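Peer 1: Structure: target_20.txt, compact mmCIF, C-alpha atoms and all ligand atoms.
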```txt
# COMPACT_ATOMS: atom_id res chain seq x y z
CA MET I 56 128.15 60.19 97.69
CA HIS I 57 127.74 63.52 95.81
CA ALA I 58 131.02 65.18 94.70
CA LEU I 59 130.28 68.28 96.75
CA ASP I 60 129.86 66.23 99.91
CA VAL I 61 133.30 64.74 99.32
CA ARG I 62 134.81 68.23 99.07
CA GLU I 63 133.13 69.30 102.29
CA LEU I 64 134.62 66.28 103.97
CA LEU I 65 138.05 67.41 102.76
CA ILE I 66 137.46 70.90 104.15
CA GLY I 67 136.62 69.20 107.44
CA CYS I 68 139.99 67.47 107.28
CA GLN I 69 141.72 70.91 107.31
CA PHE I 70 142.78 70.77 103.66
CA SER I 71 144.76 67.58 104.14
CA SER I 72 145.28 67.35 100.35
CA LEU I 73 147.68 70.32 100.59
CA ASN I 74 150.25 67.88 101.95
CA MET I 75 150.05 65.70 98.83
CA GLU I 76 153.37 64.98 97.06
CA LYS I 77 153.68 66.63 93.59
CA ARG I 78 155.40 65.31 90.50
CA GLY I 79 156.22 67.11 87.23
CA PHE I 80 154.93 66.05 83.82
CA ASP I 81 155.60 66.89 80.16
CA LEU I 82 155.03 70.66 79.78
CA ARG I 83 153.25 70.13 76.44
CA THR I 84 150.57 67.89 77.91
CA THR I 85 147.25 69.71 78.24
CA ALA I 86 145.91 67.94 81.30
CA TYR I 87 142.43 69.45 81.28
CA PRO I 88 139.39 68.93 79.06
CA MET I 89 139.03 71.10 75.97
CA PRO I 90 135.68 71.44 74.20
CA VAL I 91 136.06 70.83 70.46
CA VAL I 92 134.62 73.21 67.85
CA LEU I 93 134.66 73.47 64.08
CA VAL I 94 136.16 76.74 62.88
CA GLY I 95 135.03 77.86 59.44
CA SER I 96 136.33 80.32 56.87
CA VAL I 97 136.04 80.91 53.15
CA VAL I 98 139.30 79.96 51.46
CA ASN I 99 139.82 80.64 47.76
CA GLY I 100 136.09 81.21 47.36
CA LYS I 101 134.97 77.98 49.10
CA PRO I 102 133.92 77.20 52.70
CA ASN I 103 136.33 75.12 54.77
CA PHE I 104 136.20 73.79 58.33
CA MET I 105 138.80 72.49 60.79
CA ALA I 106 138.58 70.97 64.29
CA VAL I 107 139.87 73.29 67.02
CA ALA I 108 140.39 72.68 70.73
CA TRP I 109 142.53 75.75 71.38
CA PHE I 110 139.87 78.43 71.66
CA SER I 111 138.53 80.72 74.35
CA LYS I 112 136.25 83.63 75.19
CA VAL I 113 138.52 86.65 75.72
CA SER I 114 136.09 89.54 76.28
CA SER I 115 132.46 90.05 77.26
CA THR I 116 131.99 93.69 76.25
CA PRO I 117 132.29 93.63 73.33
CA PRO I 118 131.97 89.83 73.09
CA MET I 119 135.17 88.34 71.66
CA MET I 120 136.66 84.91 71.10
CA MET I 121 140.14 83.70 70.22
CA VAL I 122 141.18 80.66 68.21
CA ALA I 123 144.81 79.46 68.04
CA LEU I 124 145.61 78.00 64.62
CA GLY I 125 148.87 76.48 63.44
CA LYS I 126 150.39 78.76 60.81
CA ARG I 127 150.07 76.14 58.08
CA GLN I 128 146.33 75.56 58.51
CA TYR I 129 144.33 76.19 55.35
CA THR I 130 141.46 77.66 57.40
CA GLY I 131 143.78 80.40 58.68
CA GLU I 132 144.46 81.56 55.10
CA GLY I 133 140.73 82.24 54.71
CA ILE I 134 140.57 84.15 57.99
CA ILE I 135 143.44 86.38 56.89
CA GLU I 136 141.91 86.83 53.40
CA ASN I 137 138.34 87.68 54.47
CA ARG I 138 138.91 88.93 58.03
CA CYS I 139 136.10 86.82 59.44
CA PHE I 140 135.42 83.27 60.64
CA SER I 141 132.88 81.09 62.41
CA VAL I 142 132.96 78.88 65.52
CA ASN I 143 130.52 75.96 65.39
CA LEU I 144 129.86 73.74 68.40
CA PRO I 145 129.10 70.15 67.36
CA GLY I 146 127.10 67.68 69.42
CA GLU I 147 128.25 64.15 70.20
CA ASP I 148 126.42 62.93 67.09
CA MET I 149 128.97 64.83 64.97
CA VAL I 150 132.11 63.35 66.50
CA LEU I 151 132.98 61.47 63.30
CA GLU I 152 132.77 64.52 61.02
CA THR I 153 134.57 66.67 63.59
CA ASP I 154 137.49 64.28 63.95
CA TYR I 155 137.72 63.99 60.15
CA CYS I 156 137.95 67.81 59.93
CA GLY I 157 140.85 67.58 62.38
CA ILE I 158 142.91 65.04 60.45
CA VAL I 159 142.39 66.07 56.81
CA SER I 160 143.27 69.47 55.31
CA GLY I 161 141.01 71.46 53.04
CA ARG I 162 144.04 71.72 50.75
CA VAL I 163 143.51 68.04 49.97
CA GLU I 164 139.78 67.33 50.36
CA ASP I 165 136.55 69.33 50.22
CA LYS I 166 135.41 68.93 53.85
CA ALA I 167 132.46 71.31 53.45
CA ARG I 168 130.74 68.67 51.30
CA LEU I 169 129.72 66.97 54.56
CA PHE I 170 127.73 69.94 55.83
CA ASP I 171 124.72 72.12 55.11
CA VAL I 172 126.51 75.48 55.12
CA PHE I 173 124.75 78.78 55.85
CA TYR I 174 125.82 82.42 56.26
CA GLY I 175 124.68 85.27 58.51
CA GLU I 176 123.81 88.69 57.16
CA SER I 177 126.96 90.60 57.88
CA VAL I 178 130.10 88.61 57.20
CA LYS I 179 131.65 85.93 55.01
CA ALA I 180 131.80 83.33 57.79
CA PRO I 181 130.48 79.89 56.74
CA MET I 182 128.47 78.13 59.48
CA ILE I 183 127.29 74.53 59.83
CA ARG I 184 123.54 74.02 60.19
CA GLY I 185 124.05 70.58 61.79
CA CYS I 186 125.98 72.13 64.70
CA PRO I 187 123.49 73.24 67.37
CA ILE I 188 125.43 76.42 68.23
CA ASN I 189 127.10 78.80 65.77
CA TYR I 190 129.00 82.04 66.21
CA GLU I 191 130.04 84.39 63.42
CA LEU I 192 132.98 86.64 64.07
CA LYS I 193 134.78 89.60 62.52
CA LEU I 194 138.55 89.47 62.91
CA VAL I 195 139.75 92.32 65.14
CA ASP I 196 143.34 91.30 65.84
CA THR I 197 145.95 88.65 65.06
CA VAL I 198 148.70 87.82 67.53
CA GLU I 199 151.63 85.95 66.04
CA MET I 200 153.08 83.20 68.26
CA PRO I 201 156.11 81.04 67.32
CA SER I 202 154.02 78.29 65.70
CA THR I 203 150.44 79.59 65.80
CA ASN I 204 148.39 82.64 64.94
CA LEU I 205 145.90 83.73 67.60
CA PHE I 206 142.92 85.07 65.69
CA ILE I 207 140.78 87.29 67.91
CA GLY I 208 137.30 87.95 66.62
CA GLU I 209 134.33 90.02 67.74
CA ILE I 210 131.14 87.97 67.84
CA VAL I 211 128.60 89.59 65.50
CA GLY I 212 126.07 86.74 65.42
CA ALA I 213 125.16 83.80 67.68
CA TYR I 214 122.62 81.10 66.77
CA VAL I 215 121.15 78.07 68.52
CA ASP I 216 118.78 75.36 67.30
CA GLU I 217 115.21 76.12 68.44
CA GLU I 218 114.87 72.77 70.20
CA LYS I 219 118.22 73.01 72.00
CA ARG I 220 117.34 76.06 74.10
CA SER I 221 116.05 76.61 77.61
CA GLY I 222 114.40 80.01 77.46
CA GLU I 223 116.63 82.36 75.51
CA VAL I 224 119.91 80.51 76.08
CA PRO I 225 121.43 77.29 74.70
CA ASP I 226 120.90 74.26 76.94
CA LEU I 227 124.18 72.34 76.92
CA THR I 228 122.52 69.20 78.30
CA LEU I 229 120.59 69.12 75.00
CA VAL I 230 123.45 70.37 72.81
CA LYS I 231 125.74 67.62 74.18
CA PRO I 232 129.17 69.10 73.33
CA PHE I 233 132.20 66.85 73.68
CA MET I 234 135.70 67.43 74.95
CA LEU I 235 139.17 66.37 73.95
CA ILE I 236 141.25 64.87 76.75
CA GLU I 237 144.71 65.13 75.24
CA SER I 238 146.81 63.51 77.93
CA PRO I 239 147.42 60.11 76.34
CA PRO I 240 145.53 58.36 75.02
CA ASN I 241 143.60 61.04 73.09
CA HIS I 242 139.92 60.50 73.85
CA TYR I 243 136.68 62.43 73.45
CA TYR I 244 134.47 62.71 76.52
CA SER I 245 130.95 64.03 77.05
CA LEU I 246 129.78 66.49 79.72
CA GLY I 247 129.64 65.14 83.26
CA HIS I 248 127.08 65.86 85.95
CA HIS I 249 126.28 69.08 87.82
CA VAL I 250 128.80 69.56 90.66
CA ALA I 251 127.73 72.84 92.31
CA ASP I 252 126.41 76.33 91.50
CA ALA I 253 129.14 78.60 90.11
CA PHE I 254 129.85 81.96 91.79
CA GLU I 255 127.72 80.70 94.66
CA VAL I 256 129.09 77.62 96.41
CA GLY I 257 132.34 79.41 97.36
CA LYS I 258 130.41 81.90 99.48
CA ARG I 259 130.25 79.23 102.19
CA LEU I 260 133.96 79.79 102.86
CA LYS I 261 133.79 83.61 103.01
CA LEU I 262 134.69 85.19 106.32
CA SER I 263 133.31 88.64 105.46
CA LYS I 264 129.64 89.45 104.86
CA THR I 265 130.33 91.54 101.68
C1 LIG I 301 140.19 67.27 68.26
C2 LIG I 301 141.14 68.11 67.45
C3 LIG I 301 141.46 69.40 67.87
C4 LIG I 301 142.35 70.18 67.13
N1 LIG I 301 142.65 71.44 67.57
C5 LIG I 301 143.46 72.24 66.83
C6 LIG I 301 143.72 73.58 67.24
O1 LIG I 301 143.23 74.06 68.26
N2 LIG I 301 144.56 74.32 66.45
C7 LIG I 301 145.12 73.83 65.30
O2 LIG I 301 145.86 74.56 64.63
N3 LIG I 301 144.88 72.56 64.89
C8 LIG I 301 144.03 71.77 65.61
N4 LIG I 301 143.74 70.51 65.18
C9 LIG I 301 144.31 70.04 63.90
C10 LIG I 301 143.57 70.62 62.69
O3 LIG I 301 142.17 70.51 62.82
C11 LIG I 301 144.03 69.87 61.41
O4 LIG I 301 145.40 70.11 61.20
C12 LIG I 301 143.20 70.20 60.16
O5 LIG I 301 143.48 69.23 59.18
C13 LIG I 301 143.48 71.56 59.58
O6 LIG I 301 142.60 71.74 58.51
P1 LIG I 301 142.79 72.82 57.36
O7 LIG I 301 144.18 72.66 56.79
O8 LIG I 301 141.71 72.49 56.37
O9 LIG I 301 142.61 74.17 57.98
C14 LIG I 301 142.89 69.67 65.92
C15 LIG I 301 142.57 68.38 65.50
C16 LIG I 301 141.71 67.60 66.26
C17 LIG I 301 141.37 66.21 65.80
```
Could you render the structure as structure tokens?

Peer 2:
Amino acid sequence: MHALDVRELLIGCQFSSLNMEKRGFDLRTTAYPMPVVLVGSVVNGKPNFMAVAWFSKVSSTPPMMMVALGKRQYTGEGIIENRCFSVNLPGEDMVLETDYCGIVSGRVEDKARLFDVFYGESVKAPMIRGCPINYELKLVDTVEMPSTNLFIGEIVGAYVDEEKRSGEVPDLTLVKPFMLIESPPNHYYSLGHHVADAFEVGKRLKLSKT
């Protein structure tokens, strides 16, 4: 049975799941999937990349993204130094390199040796040609948290591999991003199937016509 049909059955049962018992869990557990990206910066004159799961779009106009980096991360030093960075979305075929960039610091090993690195026209943000989607960003703000810096950047360039597009936009079924499921054990998962049309399916529950 399709997932949507199951949900409609539940609606028919007058939201019976609302009566479900709840139980607390460790507050630090991120119990939802997080896409993994490689964040790049130039540190001490050389490109460096780290795996990042704590990132998000934070504004559409102008387009902005935020990455949350531990204060000790080498990549963060480059972002502060050059006031720019990149966000590169790897496909499943890059899971090995991505994980490596998440367990080894650029202080210790040259991680950029693994990649064909390129730059856009405007900023000093190293990007990875092997990642099907790349964003280059100019740092606009830094928010200091107890153990992380939130680097907020304005997107000044966005690139996709020619063969991983549908029309003018990236086709994620071709890009094949992967997600970190942190709640133990730590695993990477691929995209699932289409569930329903966003901003559309919910209209079926609207009482008003507007
Ligand atoms: C899947 C994955 C996701 C990660 N996400 C983050 C993150 O969002 N923020 C962070 O500070 N570290 C994150 N890390 C850890 C860093 O990637 C790791 O500490 C890395 O070695 C830092 O590299 P650098 O010192 O060269 O900057 C993640 C690691 C993995 C494996």

Peer 1: To one decimal place, how far is atom CA of I:His248 from atom CA of I:Arg78 in Å?

Peer 2: 28.7 Å

Peer 1: Step by step, measure atom-to-atom distances between ligand LIG 301 (chain I) and each residue using all atoms listed in the file, keep those at most 9 Å, then write them as number ranges by chain.

Peer 2: I: 89-96, 103-110, 122-133, 153-166, 203-204, 234-237, 241-243

Peer 1: Taking the point (134.8, 85.0, 59.9) as given in the file, collect each protein or nucleic acid residue that comes within 9 Å of it, counting all atoms listed in the file, and present the set as a list of chain:residue names.

Peer 2: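 Applying the cut-off with all atoms listed in the file, one gets I:Val94, I:Gly95, I:Ser96, I:Val97, I:Gly133, I:Ile134, I:Asn137, I:Arg138, I:Cys139, I:Phe140, I:Ser141, I:Val142, I:Val178, I:Lys179, I:Ala180, I:Pro181, I:Glu191, I:Leu192, I:Lys193, I:Leu194, I:Gly208.
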
Peer 1: Write out as a PyMOL selection string the residues lying within 12 Å of I:Arg220, counting all atoms listed in the file and excluding same-chain residues fewer than 4 positions away.

Peer 2: chain I and resi 187-188+214-216+224-231

Peer 1: Using Å and a single decimal, report how far atom CA of I:Asn143 sits from atom CA of I:Ile183.

Peer 2: 6.6 Å

Peer 1: Could you please determine the separation between atom CA of I:Asp148 and atom CA of I:Cys186 in Å, to one decimal place?

Peer 2: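 Pair atom CA of I:Asp148 / atom CA of I:Cys186 returns 9.5 Å.
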
Peer 1: Pick out the closest residue to I:Phe173 from this set: I:Pro102, I:Asp252, I:Gly247, I:Val150. Count only C-alpha atoms.

Peer 2: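 Smallest distance to I:Phe173 is found for I:Pro102.
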